Amino acid sequence: MFRKIIFILLISILTGILLFSQPAPAADENIPYLITFGGNADPSWGDDDFCQIFFCVLPASFKQNVYIRVFDPDTGGAVDELKGSFNTVVKFSVYGGPKCWSDSSSQSIYASRGNYKSGYQMASKSFAADVKYDSKWYTFGPFNPSEGEYVEKLGGNVFKIIAEGISGDDGNLYRYYLSSAPDNNTPVDGGNLFTYKYHFRLPDNPKQVCQIYPFADDKTISVEVRNFDWDNDGTIRVFSVAKNGIASRISSENKWVTEIYPVVEEEKNSSLEIQFIKSQTSVIKNNNVVVTVRNQYGVSLPFYVIPIGGIPVYTPKIRMK
Ligand SMILES: [Ca+2]
Ligand SMILES: [Ca+2]
Ligand SMILES: [Ca+2]
């Protein structure tokens, strides 16, 4: 009993801290950057569609203006991935209003082929190589929460941000922050960011492990985990309250692979954890990957940067029957 109380206290403390960190990628994910390549890039560099869609959700009680900040929005300088010379343009656009989330095409893993620009565009800016924005934050907003789409299921107002590789062949690395201030990163209490298709850069250091947290709702009876262009870099494992690091197939250069896992009762309405463990024997640098998770109906599961219900802890036979 005492141990249980300590455990709950620990989780509360951890969750409390997590609620106050809202970058994407989040610190817990240990992912250095999001990535979007220019529209004329080769997918074998690790981006299958040159388009990344993120959503921000603000709790219904949150009424202040918010800002979506982008770190290093330009493609050039030290952070980004150079091919030949820097000639890439990436456009960032923020959407709100009805359908910005609820149009199913914006949640599809094939979103970039459909009506993913649903809702209405509230702000947009294209960035090429520009020292003005190199390793600096650019701020979109202010946005009034009521300008988002209210989604009861998600508990609040939702905005969408699309990063789209317009032209060029270089990789734009960047990060987001959902902020209540225009000129610094001030967390939105209870806010969260999520995506249905995660395009990201792995760390170069083989000792670093990344993790992402898809959420399985009560309708989920199996999940299909897909990964693209993992370049055979080590292992990918799935953890949950009922899974203790089950290995996934891993993809090679420019290839998708699929792994299907059954979801048991205890895992419903909880976050899963997918761990990306780099090869300990070969050094693979600048490894960019794409990951999707869908349920048995082919509906995408969202990845939240702050895992819903906290980081899953493997608890064998959590509910004895
Ligand atoms: Ca180039
Ligand atoms: Ca950049
Ligand atoms: Ca790769």
# chains A, B, ... in the order shown; residues from 1 in each chain; ligands from 1
$ residues_near_ligand --ligand "ligand 2" --cutoff "6 Å" --atoms "only C-alpha atoms and all ligand atoms" --output "list in words"
Asp72, Pro73, Asp74, Thr75, Asp80, Asn172, Leu173 and Tyr174 of chain A
$ residues_near_ligand --ligand "ligand 1" --cutoff "10 Å" --atoms "only C-alpha atoms and all ligand atoms" --output "ChimeraX atom specification"
/A:37-38,40-41,75-76,81-88,167-171
$ residues_around --residues "Thr281 in chain A" --least-positions-apart "3" --cutoff "10 Å" --atoms "only C-alpha atoms" --output "PyMOL selection string"
chain A and resi 206+233-234+278+284
$ closest_atom_pairs --of "chain A" --to "ligand 3" --cutoff "10 Å" --atoms "only C-alpha atoms and all ligand atoms" --output "Markdown table"
| residue | atom | partner | partner_atom_place_in_ligand_line | distance |
| --- | --- | --- | --- | --- |
| A:Pro43 | CA | ligand 3 | 1 (Ca) | 9.3 |
| A:Ser44 | CA | ligand 3 | 1 (Ca) | 7.2 |
| A:Trp45 | CA | ligand 3 | 1 (Ca) | 6.0 |
| A:Gly46 | CA | ligand 3 | 1 (Ca) | 4.3 |
| A:Asp47 | CA | ligand 3 | 1 (Ca) | 8.0 |
| A:Phe200 | CA | ligand 3 | 1 (Ca) | 9.3 |
| A:Arg201 | CA | ligand 3 | 1 (Ca) | 8.1 |
| A:Leu202 | CA | ligand 3 | 1 (Ca) | 8.6 |
| A:Asn227 | CA | ligand 3 | 1 (Ca) | 9.9 |
| A:Phe228 | CA | ligand 3 | 1 (Ca) | 7.3 |
| A:Asp229 | CA | ligand 3 | 1 (Ca) | 4.2 |
| A:Trp230 | CA | ligand 3 | 1 (Ca) | 4.7 |
| A:Asp231 | CA | ligand 3 | 1 (Ca) | 5.2 |
| A:Asn232 | CA | ligand 3 | 1 (Ca) | 8.6 |
| A:Asp233 | CA | ligand 3 | 1 (Ca) | 8.4 |
| A:Ser251 | CA | ligand 3 | 1 (Ca) | 8.8 |
| A:Ser252 | CA | ligand 3 | 1 (Ca) | 7.9 |
| A:Glu253 | CA | ligand 3 | 1 (Ca) | 6.4 |
| A:Asn254 | CA | ligand 3 | 1 (Ca) | 7.4 |
| A:Lys255 | CA | ligand 3 | 1 (Ca) | 9.4 |
| A:Ile284 | CA | ligand 3 | 1 (Ca) | 8.8 |
| A:Lys285 | CA | ligand 3 | 1 (Ca) | 8.9 |
| A:Asn286 | CA | ligand 3 | 1 (Ca) | 7.4 |
| A:Asn287 | CA | ligand 3 | 1 (Ca) | 4.2 |
| A:Asn288 | CA | ligand 3 | 1 (Ca) | 4.1 |
| A:Val289 | CA | ligand 3 | 1 (Ca) | 4.9 |
| A:Val290 | CA | ligand 3 | 1 (Ca) | 8.3 |
$ select_by_dssp --residues "range 6-100 of chain A" --states "alpha helix (DSSP H)" --output "MDAnalysis selection string"
chainID A and resid 6:18
$ closest_residue --among "A:Phe127, A:Phe143, A:Phe62, A:Tyr67" --to "Gly96 in chain A" --atoms "only C-alpha atoms"
A:Phe143
$ closest_atom_pairs --of "range 211-253 of chain A" --to "range 300-305 of chain A" --cutoff "7 Å" --atoms "only C-alpha atoms" --output "JSON lines"
{"residue": "A:Ile212", "atom": "CA", "partner": "A:Phe303", "partner_atom": "CA", "distance": 6.7}
{"residue": "A:Tyr213", "atom": "CA", "partner": "A:Phe303", "partner_atom": "CA", "distance": 5.2}
{"residue": "A:Pro214", "atom": "CA", "partner": "A:Phe303", "partner_atom": "CA", "distance": 4.1}
{"residue": "A:Phe215", "atom": "CA", "partner": "A:Pro302", "partner_atom": "CA", "distance": 5.9}
{"residue": "A:Ala216", "atom": "CA", "partner": "A:Leu301", "partner_atom": "CA", "distance": 6.6}
$ closest_atom_pairs --of "range 204-302 of chain A" --to "range 308-313 of chain A" --cutoff "6 Å" --atoms "only C-alpha atoms" --output "Markdown table"
| residue | atom | partner | partner_atom | distance |
| --- | --- | --- | --- | --- |
| A:Ser240 | CA | A:Pro312 | CA | 5.2 |
| A:Val241 | CA | A:Val313 | CA | 5.3 |
| A:Ser271 | CA | A:Ile308 | CA | 5.9 |
$ write_last_selection --atoms "N, CA and C atoms" --output "mmCIF file, in the first residue's frame"
data_model
loop_
_atom_site.group_PDB
_atom_site.id
_atom_site.type_symbol
_atom_site.label_atom_id
_atom_site.label_comp_id
_atom_site.auth_asym_id
_atom_site.auth_seq_id
_atom_site.Cartn_x
_atom_site.Cartn_y
_atom_site.Cartn_z
ATOM 1 N N SER A 240 4.215 -0.848 -23.107
ATOM 2 C CA SER A 240 2.916 -0.375 -22.621
ATOM 3 C C SER A 240 2.715 -0.999 -21.249
ATOM 4 N N VAL A 241 1.531 -0.806 -20.678
ATOM 5 C CA VAL A 241 1.260 -1.472 -19.399
ATOM 6 C C VAL A 241 1.320 -2.996 -19.568
ATOM 7 N N SER A 271 -1.503 5.392 -23.225
ATOM 8 C CA SER A 271 -0.455 5.649 -24.211
ATOM 9 C C SER A 271 0.449 4.431 -24.315
#
$ decode --residues "range 81-185 of chain A" --atoms "C-alpha atoms" --output "compact mmCIF listing (two decimals), in the first residue's frame"
# COMPACT_ATOMS: atom_id res chain seq x y z
CA GLU A 81 20.71 19.09 -43.66
CA LEU A 82 22.58 20.32 -46.71
CA LYS A 83 22.40 18.71 -50.17
CA GLY A 84 24.63 20.57 -52.62
CA SER A 85 23.82 24.18 -51.81
CA PHE A 86 20.94 25.42 -49.65
CA ASN A 87 18.07 26.07 -52.07
CA THR A 88 15.06 24.92 -50.03
CA VAL A 89 11.81 26.71 -49.26
CA VAL A 90 9.54 25.36 -46.52
CA LYS A 91 6.17 26.97 -45.86
CA PHE A 92 4.64 26.94 -42.37
CA SER A 93 0.89 27.59 -42.15
CA VAL A 94 -1.46 27.74 -39.18
CA TYR A 95 -5.10 26.68 -39.57
CA GLY A 96 -8.11 27.08 -37.30
CA GLY A 97 -11.87 27.01 -37.60
CA PRO A 98 -14.34 24.20 -38.25
CA LYS A 99 -12.82 21.08 -39.82
CA CYS A 100 -9.20 22.08 -39.21
CA TRP A 101 -8.90 18.84 -37.21
CA SER A 102 -12.13 16.96 -37.86
CA ASP A 103 -11.72 16.61 -41.63
CA SER A 104 -10.47 13.04 -41.67
CA SER A 105 -7.99 13.75 -44.46
CA SER A 106 -5.96 15.97 -42.13
CA GLN A 107 -5.53 12.96 -39.79
CA SER A 108 -4.68 10.45 -42.51
CA ILE A 109 -1.17 9.08 -42.92
CA TYR A 110 -1.69 9.90 -46.59
CA ALA A 111 -2.78 13.40 -45.62
CA SER A 112 -0.55 15.16 -48.08
CA ARG A 113 -2.60 13.66 -50.94
CA GLY A 114 -5.99 14.88 -49.65
CA ASN A 115 -7.75 17.90 -48.18
CA TYR A 116 -5.22 18.30 -45.38
CA LYS A 117 -5.50 22.10 -45.52
CA SER A 118 -9.02 21.92 -44.08
CA GLY A 119 -10.26 24.74 -41.85
CA TYR A 120 -9.18 28.28 -42.55
CA GLN A 121 -5.68 29.56 -42.87
CA MET A 122 -4.83 32.05 -40.15
CA ALA A 123 -1.16 32.67 -40.84
CA SER A 124 1.49 31.50 -43.26
CA LYS A 125 5.13 32.21 -44.01
CA SER A 126 7.69 30.64 -46.32
CA PHE A 127 11.32 30.41 -45.28
CA ALA A 128 14.42 29.82 -47.41
CA ALA A 129 17.99 30.14 -46.08
CA ASP A 130 17.91 33.26 -43.92
CA VAL A 131 20.40 34.19 -41.20
CA LYS A 132 17.67 36.28 -39.58
CA TYR A 133 15.87 33.07 -38.59
CA ASP A 134 18.86 30.75 -38.24
CA SER A 135 18.82 29.12 -34.79
CA LYS A 136 16.16 31.66 -33.78
CA TRP A 137 12.46 31.52 -32.97
CA TYR A 138 9.78 32.83 -35.32
CA THR A 139 6.36 33.48 -33.76
CA PHE A 140 2.95 32.90 -35.37
CA GLY A 141 0.00 34.55 -33.66
CA PRO A 142 -1.65 35.80 -31.54
CA PHE A 143 -4.48 33.30 -31.94
CA ASN A 144 -7.59 33.46 -29.82
CA PRO A 145 -8.51 29.94 -28.65
CA SER A 146 -12.06 30.49 -29.97
CA GLU A 147 -10.58 30.71 -33.49
CA GLY A 148 -9.56 27.05 -33.28
CA GLU A 149 -11.90 24.11 -33.80
CA TYR A 150 -13.64 23.08 -30.58
CA VAL A 151 -13.39 19.30 -30.25
CA GLU A 152 -15.19 17.85 -27.25
CA LYS A 153 -13.36 14.51 -27.52
CA LEU A 154 -10.03 16.31 -27.24
CA GLY A 155 -11.24 18.56 -24.43
CA GLY A 156 -10.66 21.90 -26.09
CA ASN A 157 -9.76 24.07 -29.05
CA VAL A 158 -7.49 22.75 -31.75
CA PHE A 159 -5.19 24.47 -34.22
CA LYS A 160 -3.18 22.86 -37.00
CA ILE A 161 0.27 23.73 -38.22
CA ILE A 162 1.53 22.40 -41.54
CA ALA A 163 5.17 22.44 -42.62
CA GLU A 164 5.33 21.91 -46.34
CA GLY A 165 8.47 21.48 -48.43
CA ILE A 166 7.79 23.73 -51.43
CA SER A 167 11.03 23.49 -53.40
CA GLY A 168 14.68 22.52 -53.10
CA ASP A 169 16.25 19.33 -51.86
CA ASP A 170 17.65 20.08 -48.39
CA GLY A 171 16.29 19.00 -45.03
CA ASN A 172 14.74 21.65 -42.79
CA LEU A 173 15.16 20.78 -39.11
CA TYR A 174 13.00 22.72 -36.67
CA ARG A 175 11.02 22.54 -33.44
CA TYR A 176 7.70 23.95 -32.23
CA TYR A 177 6.62 25.53 -28.99
CA LEU A 178 3.03 26.27 -27.98
CA SER A 179 3.37 29.46 -25.98
CA SER A 180 1.17 31.95 -24.19
CA ALA A 181 3.78 34.68 -24.85
CA PRO A 182 4.95 36.07 -28.21
CA ASP A 183 8.63 36.59 -27.44
CA ASN A 184 9.53 33.67 -25.21
CA ASN A 185 8.44 30.11 -24.52
